[in-house]
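A.B. asks: File follows, coords-v7.txt with compact mmCIF, C-alpha atoms:
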```
# COMPACT_ATOMS: atom_id res chain seq x y z
CA MET A 1 33.66 103.83 78.52
CA ILE A 2 30.16 104.34 77.17
CA ASP A 3 29.85 107.12 74.62
CA PHE A 4 27.42 109.82 75.66
CA GLN A 5 24.79 110.49 73.05
CA PRO A 6 24.48 114.24 72.62
CA GLN A 7 21.06 115.76 73.04
CA PRO A 8 19.48 117.85 70.28
CA LEU A 9 20.87 121.30 69.59
CA PRO A 10 18.63 124.26 70.37
CA ARG A 11 16.43 125.58 67.61
CA HIS A 12 18.32 128.11 65.46
CA TYR A 13 21.70 127.11 66.95
CA LEU A 14 23.25 126.11 63.62
CA SER A 15 21.95 129.25 61.89
CA ILE A 16 23.32 131.46 64.67
CA ASP A 17 26.64 129.61 64.56
CA GLU A 18 26.89 130.11 60.79
CA ALA A 19 26.04 133.83 61.11
CA THR A 20 28.57 134.14 63.96
CA GLN A 21 31.36 132.68 61.84
CA ALA A 22 30.43 134.87 58.87
CA SER A 23 30.50 137.96 61.12
CA GLY A 24 34.01 137.23 62.37
CA PHE A 25 32.88 137.33 66.02
CA SER A 26 35.39 135.16 67.90
CA MET A 27 34.18 135.37 71.51
CA ALA A 28 31.28 132.89 71.35
CA SER A 29 30.80 130.30 74.09
CA ASP A 30 31.71 126.73 73.21
CA ARG A 31 29.20 123.87 73.02
CA LEU A 32 30.26 122.21 76.27
CA THR A 33 29.72 125.45 78.19
CA CYS A 34 26.41 126.01 76.42
CA SER A 35 25.23 122.50 77.23
CA LEU A 36 25.89 123.14 80.92
CA LEU A 37 24.08 126.49 80.70
CA ARG A 38 21.00 124.70 79.34
CA THR A 39 21.14 122.02 82.04
CA LEU A 40 21.47 124.58 84.82
CA ALA A 41 18.67 126.70 83.33
CA GLY A 42 16.39 123.71 83.78
CA THR A 43 16.89 123.92 87.55
CA LYS A 44 15.11 127.28 87.78
CA PRO A 45 11.48 126.82 86.65
CA GLY A 46 9.65 130.13 86.51
CA GLY A 47 13.03 131.78 86.97
CA ARG A 48 14.40 135.21 86.25
CA PHE A 49 17.57 134.90 84.16
CA LEU A 50 20.28 137.45 83.33
CA GLU A 51 22.98 137.09 80.69
CA LEU A 52 25.68 139.75 80.67
CA GLY A 53 27.28 139.56 77.23
CA THR A 54 24.83 138.27 74.62
CA GLY A 55 27.28 138.22 71.76
CA THR A 56 25.53 136.72 68.75
CA GLY A 57 23.15 134.68 70.90
CA LEU A 58 24.75 131.23 70.84
CA SER A 59 24.71 130.82 74.62
CA THR A 60 21.38 132.66 74.76
CA ALA A 61 19.83 129.96 72.56
CA TRP A 62 20.98 127.25 74.96
CA ILE A 63 19.76 129.10 78.06
CA LEU A 64 16.36 129.62 76.42
CA ASP A 65 16.26 125.93 75.49
CA GLY A 66 16.62 124.95 79.17
CA MET A 67 14.10 127.48 80.47
CA ASP A 68 10.43 126.70 80.94
CA ALA A 69 7.54 128.75 79.52
CA ASP A 70 7.18 130.78 82.73
CA SER A 71 10.81 131.92 82.85
CA HIS A 72 12.23 135.20 81.55
CA LEU A 73 15.71 136.10 80.31
CA VAL A 74 17.26 139.56 80.01
CA SER A 75 20.38 139.50 77.85
CA VAL A 76 22.60 142.59 77.66
CA ASP A 77 25.33 143.50 75.17
CA ASN A 78 26.80 146.80 74.00
CA ASP A 79 27.49 145.76 70.40
CA PRO A 80 24.49 146.33 68.10
CA GLU A 81 26.08 144.31 65.27
CA VAL A 82 26.30 141.06 67.21
CA LEU A 83 22.96 141.70 68.92
CA ARG A 84 21.37 141.97 65.49
CA ILE A 85 22.27 138.30 64.88
CA ALA A 86 20.72 137.28 68.21
CA ALA A 87 17.60 139.32 67.46
CA THR A 88 17.24 137.81 63.99
CA TYR A 89 17.02 134.26 65.30
CA LEU A 90 15.80 134.65 68.89
CA GLY A 91 13.98 137.98 69.00
CA GLU A 92 10.50 136.50 68.63
CA ASP A 93 10.79 134.44 71.82
CA PRO A 94 8.45 136.15 74.31
CA ARG A 95 10.60 134.97 77.24
CA LEU A 96 13.60 137.00 75.99
CA ARG A 97 14.41 140.69 76.24
CA LEU A 98 17.54 141.72 74.35
CA VAL A 99 19.08 144.97 75.57
CA CYS A 100 21.70 147.02 73.74
CA ALA A 101 23.43 149.02 76.48
CA ASP A 102 26.69 149.61 78.25
CA GLY A 103 26.92 146.94 80.93
CA ALA A 104 27.89 149.32 83.74
CA ALA A 105 25.09 151.75 82.94
CA TRP A 106 22.52 148.95 82.64
CA MET A 107 23.59 147.41 85.94
CA GLU A 108 23.37 150.77 87.71
CA GLU A 109 19.87 151.39 86.32
CA ASN A 110 18.71 147.87 87.28
CA LYS A 111 20.60 147.24 90.52
CA GLU A 112 17.38 146.57 92.44
CA GLN A 113 16.45 143.66 90.15
CA GLN A 114 16.92 140.12 91.48
CA TYR A 115 17.74 137.04 89.41
CA ASP A 116 17.74 133.29 89.93
CA TYR A 117 20.51 132.74 87.37
CA ILE A 118 23.26 135.04 86.12
CA PHE A 119 25.63 134.08 83.32
CA ALA A 120 28.35 136.75 83.28
CA ASP A 121 30.10 136.35 79.95
CA THR A 122 31.65 139.80 79.62
CA TRP A 123 33.73 142.18 81.72
CA HIS A 124 30.79 143.74 83.57
CA GLY A 125 29.54 141.37 86.20
CA LYS A 126 32.75 139.40 86.09
CA TYR A 127 35.96 141.46 86.12
CA LEU A 128 34.14 144.74 86.66
CA LEU A 129 31.21 145.32 89.02
CA LEU A 130 31.40 141.82 90.48
CA ASP A 131 29.90 142.87 93.81
CA GLU A 132 27.07 144.66 92.01
CA ALA A 133 26.28 141.60 89.91
CA LEU A 134 26.30 139.30 92.92
CA SER A 135 23.99 141.67 94.80
CA MET A 136 21.46 141.05 91.99
CA LEU A 137 21.56 137.29 92.65
CA LYS A 138 18.77 135.81 94.77
CA LYS A 139 19.46 133.41 97.61
CA GLY A 140 19.84 129.99 95.99
CA GLY A 141 20.62 131.66 92.67
CA LEU A 142 23.30 130.47 90.29
CA TYR A 143 26.23 132.64 89.17
CA ILE A 144 28.08 131.17 86.19
CA ILE A 145 31.24 132.31 84.40
CA ASP A 146 33.41 130.67 81.79
CA ASP A 147 36.82 131.24 80.16
CA MET A 148 38.68 130.71 83.44
CA LEU A 149 41.26 128.50 81.72
CA PRO A 150 43.77 130.23 79.40
CA GLN A 151 42.19 131.08 76.03
CA PRO A 152 43.95 131.89 72.74
CA ASN A 153 42.19 135.27 72.54
CA TRP A 154 43.32 136.44 76.00
CA PRO A 155 45.36 139.64 75.92
CA GLU A 156 48.79 139.61 77.54
CA GLY A 157 48.53 139.56 81.33
CA HIS A 158 44.88 138.53 81.38
CA HIS A 159 45.67 135.36 83.33
CA LEU A 160 46.48 137.55 86.34
CA LYS A 161 42.98 139.08 86.21
CA ALA A 162 41.45 135.59 85.99
CA GLU A 163 43.50 134.36 88.95
CA LYS A 164 42.51 137.41 91.03
CA LEU A 165 38.83 136.88 90.18
CA LEU A 166 38.95 133.21 91.14
CA GLU A 167 40.61 134.08 94.45
CA ALA A 168 38.01 136.76 95.19
CA LEU A 169 35.12 134.38 94.47
CA ALA A 170 36.63 131.57 96.55
CA GLN A 171 36.89 133.90 99.56
CA ARG A 172 33.29 135.16 99.48
CA PRO A 173 31.35 133.95 102.53
CA ASP A 174 28.01 134.34 100.72
CA LEU A 175 28.76 131.81 97.96
CA TRP A 176 29.36 128.11 97.51
CA VAL A 177 31.81 127.96 94.60
CA THR A 178 32.86 125.11 92.31
CA GLN A 179 35.55 125.66 89.72
CA GLN A 180 35.74 123.14 86.90
CA HIS A 181 38.80 122.52 84.77
CA TRP A 182 36.57 121.49 81.89
CA ALA A 183 35.51 123.12 78.64
CA THR A 184 36.91 126.68 78.78
CA GLY A 185 37.13 126.66 82.57
CA ILE A 186 33.74 127.10 84.17
CA LEU A 187 32.90 128.36 87.61
CA VAL A 188 29.46 127.81 89.12
CA ALA A 189 28.51 129.46 92.40
CA VAL A 190 25.30 129.47 94.38
CA LYS A 191 24.32 132.22 96.78
CA LYS A 192 23.92 130.99 100.38
```
Rewrite the coordinates I just gave you, this time as structure tokens.
C.D. replies:
Amino acid sequence: MIDFQPQPLPRHYLSIDEATQASGFSMASDRLTCSLLRTLAGTKPGGRFLELGTGTGLSTAWILDGMDADSHLVSVDNDPEVLRIAATYLGEDPRLRLVCADGAAWMEENKEQQYDYIFADTWHGKYLLLDEALSMLKKGGLYIIDDMLPQPNWPEGHHLKAEKLLEALAQRPDLWVTQQHWATGILVAVKK
């Protein structure tokens, strides 16, 4: 087997990672997931991107790295402490708008918006308000979720929610869905 040579990390990634560890935030996306996010971002030149669940900005950095200069990303989180880390390192990027808001309220206020790429990395848009999130996805748009394989930080009984979500997505007639048993368990869907 030939060893794959990893590509460069996004600018600020190591600083964000260090700040994330110092903050005690334990819900950050892993590097394999982030690498896929960057690759998929590259398929949407001039795209409108939505990230539900910014966290400290680790995955945000990778999405931005894959986007072109004409693309725009809205990233929403309800925790001002973790958003402060993202803003410190990524806030000057003119393609990015960081939003501190409750996910449900933000989605209700912006339900008419349409996106080429949605990474749902929190409850809203994934376990809650799934239909609403998918209605914001353009035809040909990508819907991406991770943590579909059991994780050490899952609360008791969470696997049942994950199974129910996977079943619901697989049965949607408006999506082509691929579930991957790789990294933390990634699902990529495209709207028909």
A.B. asks: Separation of CA of Lys161 (chain A) and CA of Gly57 (chain A), in Å?
C.D. replies: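 Pair CA of Lys161 (chain A) / CA of Gly57 (chain A) returns 25.4 Å.
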A.B. asks: Taking 4 positions as the minimum chain separation for residues in the same chain, which residues sit within 9 Å of region 186-190 of chain A when counting all atoms listed in the file? Answer as a CSV table (one decimal) with C-alpha atoms, in the coordinates of the input.
C.D. replies:
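The result, stored in result01.csv:
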```
chain,number,residue,atom,x,y,z
A,33,THR,CA,29.7,125.4,78.2
A,137,LEU,CA,21.6,137.3,92.6
A,139,LYS,CA,19.5,133.4,97.6
A,140,GLY,CA,19.8,130.0,96.0
A,141,GLY,CA,20.6,131.7,92.7
A,142,LEU,CA,23.3,130.5,90.3
A,143,TYR,CA,26.2,132.6,89.2
A,144,ILE,CA,28.1,131.2,86.2
A,145,ILE,CA,31.2,132.3,84.4
A,146,ASP,CA,33.4,130.7,81.8
A,147,ASP,CA,36.8,131.2,80.2
A,148,MET,CA,38.7,130.7,83.4
A,149,LEU,CA,41.3,128.5,81.7
A,166,LEU,CA,39.0,133.2,91.1
A,169,LEU,CA,35.1,134.4,94.5
A,174,ASP,CA,28.0,134.3,100.7
A,175,LEU,CA,28.8,131.8,98.0
A,176,TRP,CA,29.4,128.1,97.5
A,177,VAL,CA,31.8,128.0,94.6
A,178,THR,CA,32.9,125.1,92.3
A,179,GLN,CA,35.6,125.7,89.7
A,180,GLN,CA,35.7,123.1,86.9
A,181,HIS,CA,38.8,122.5,84.8
A,182,TRP,CA,36.6,121.5,81.9
```
A.B. asks: For CA of Leu98 (chain A) and CA of Arg84 (chain A), determine how far apart the two atoms are, in Å to one decimal place.
C.D. replies: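 Taking CA of Leu98 (chain A) as the start and CA of Arg84 (chain A) as the end point, the length is 9.7 Å.
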A.B. asks: Quick one: pull the distance between CA of Thr54 (chain A) and CA of Leu83 (chain A), Å, one decimal.
C.D. replies: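 Distance reported for this atom pair: 6.9 Å.
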A.B. asks: Which residue gives the smallest distance to Lys138 (chain A) among A:Leu73, A:Ala168, A:Ala22, A:Ile118, with only C-alpha atoms counted?
C.D. replies: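 Ranking A:Leu73, A:Ala168, A:Ala22, A:Ile118 by distance to Lys138 (chain A), first place goes to A:Ile118.
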A.B. asks: Leaving out Ala19 (chain A) and any residue of its chain fewer than 5 positions from it, which residues lie within 10 Å of it when counting all atoms listed in the file, given as a list of chain:residue names?
C.D. replies: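 Counting all atoms listed in the file, the residues come to A:Tyr13, A:Leu14, A:Gly24, A:Phe25, A:Thr56, A:Val82, A:Ile85, A:Ala86, A:Tyr89.
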A.B. asks: Go ahead and save the residues from that selection, with C-alpha atoms, as a PDB file, in the frame of the given file.
C.D. replies:
```
ATOM      1  CA  TYR A  13      21.700 127.110  66.950  1.00  0.00           C
ATOM      2  CA  LEU A  14      23.250 126.110  63.620  1.00  0.00           C
ATOM      3  CA  GLY A  24      34.010 137.230  62.370  1.00  0.00           C
ATOM      4  CA  PHE A  25      32.880 137.330  66.020  1.00  0.00           C
ATOM      5  CA  THR A  56      25.530 136.720  68.750  1.00  0.00           C
ATOM      6  CA  VAL A  82      26.300 141.060  67.210  1.00  0.00           C
ATOM      7  CA  ILE A  85      22.270 138.300  64.880  1.00  0.00           C
ATOM      8  CA  ALA A  86      20.720 137.280  68.210  1.00  0.00           C
ATOM      9  CA  TYR A  89      17.020 134.260  65.300  1.00  0.00           C
TER      10      TYR A  89
END
```
A.B. asks: Determine, counting all atoms listed in the file, which protein, DNA and RNA residues have an atom within 7 Å of an atom of Pro10 (chain A); residues of the same chain fewer than 4 positions away are not included. Present the result as a list of chain:residue names.
C.D. replies: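 My list of contacting residues is A:Ala61, A:Trp62, A:Asp65.
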A.B. asks: Could you list as number ranges by chain every residue that has an atom within 12 Å of (31.3, 140.5, 80.2), using the file's coordinates and counting all atoms listed in the file?
C.D. replies: A: 27-29, 50-55, 75-79, 102-104, 107, 118-130, 133, 144-147
A.B. asks: With only C-alpha atoms as the atoms that count, which of A:Ile16, A:Ala69, A:Ala162, A:Met136 lies nearest to Gly46 (chain A)?
C.D. replies: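 Result for the nearest residue to Gly46 (chain A): A:Ala69.
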A.B. asks: Find, counting all atoms listed in the file, the residue in A:Pro6, A:Arg31, A:Glu156, A:Thr88 that gets nearest to Ala183 (chain A).
C.D. replies: A:Arg31
A.B. asks: With distances taken over all atoms listed in the file, which residue among A:Val74, A:Leu96, A:Ala101, A:Leu90 lies nearest Gln114 (chain A)?
C.D. replies: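 Once distances to Gln114 (chain A) are computed over all atoms listed in the file, the minimum belongs to A:Val74.
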A.B. asks: Would you compute the box with edges along x, y and z of the file around region 178-187 of chain A, including every atom the file lists for it and 8 Å extra on each side, and give its centre and edge lengths in Å to one decimal, as lines of an AutoDock Vina configuration file?
C.D. replies:
```
center_x = 35.8
center_y = 124.9
center_z = 85.5
size_x = 21.9
size_y = 22.9
size_z = 29.7
```
A.B. asks: Any idea what's packed within 7 Å of Ser71 (chain A), counting all atoms listed in the file, ignoring anything in its chain fewer than 3 positions away? Could you give it as a PyMOL selection string?
C.D. replies: chain A and resi 45-48+67-68+95
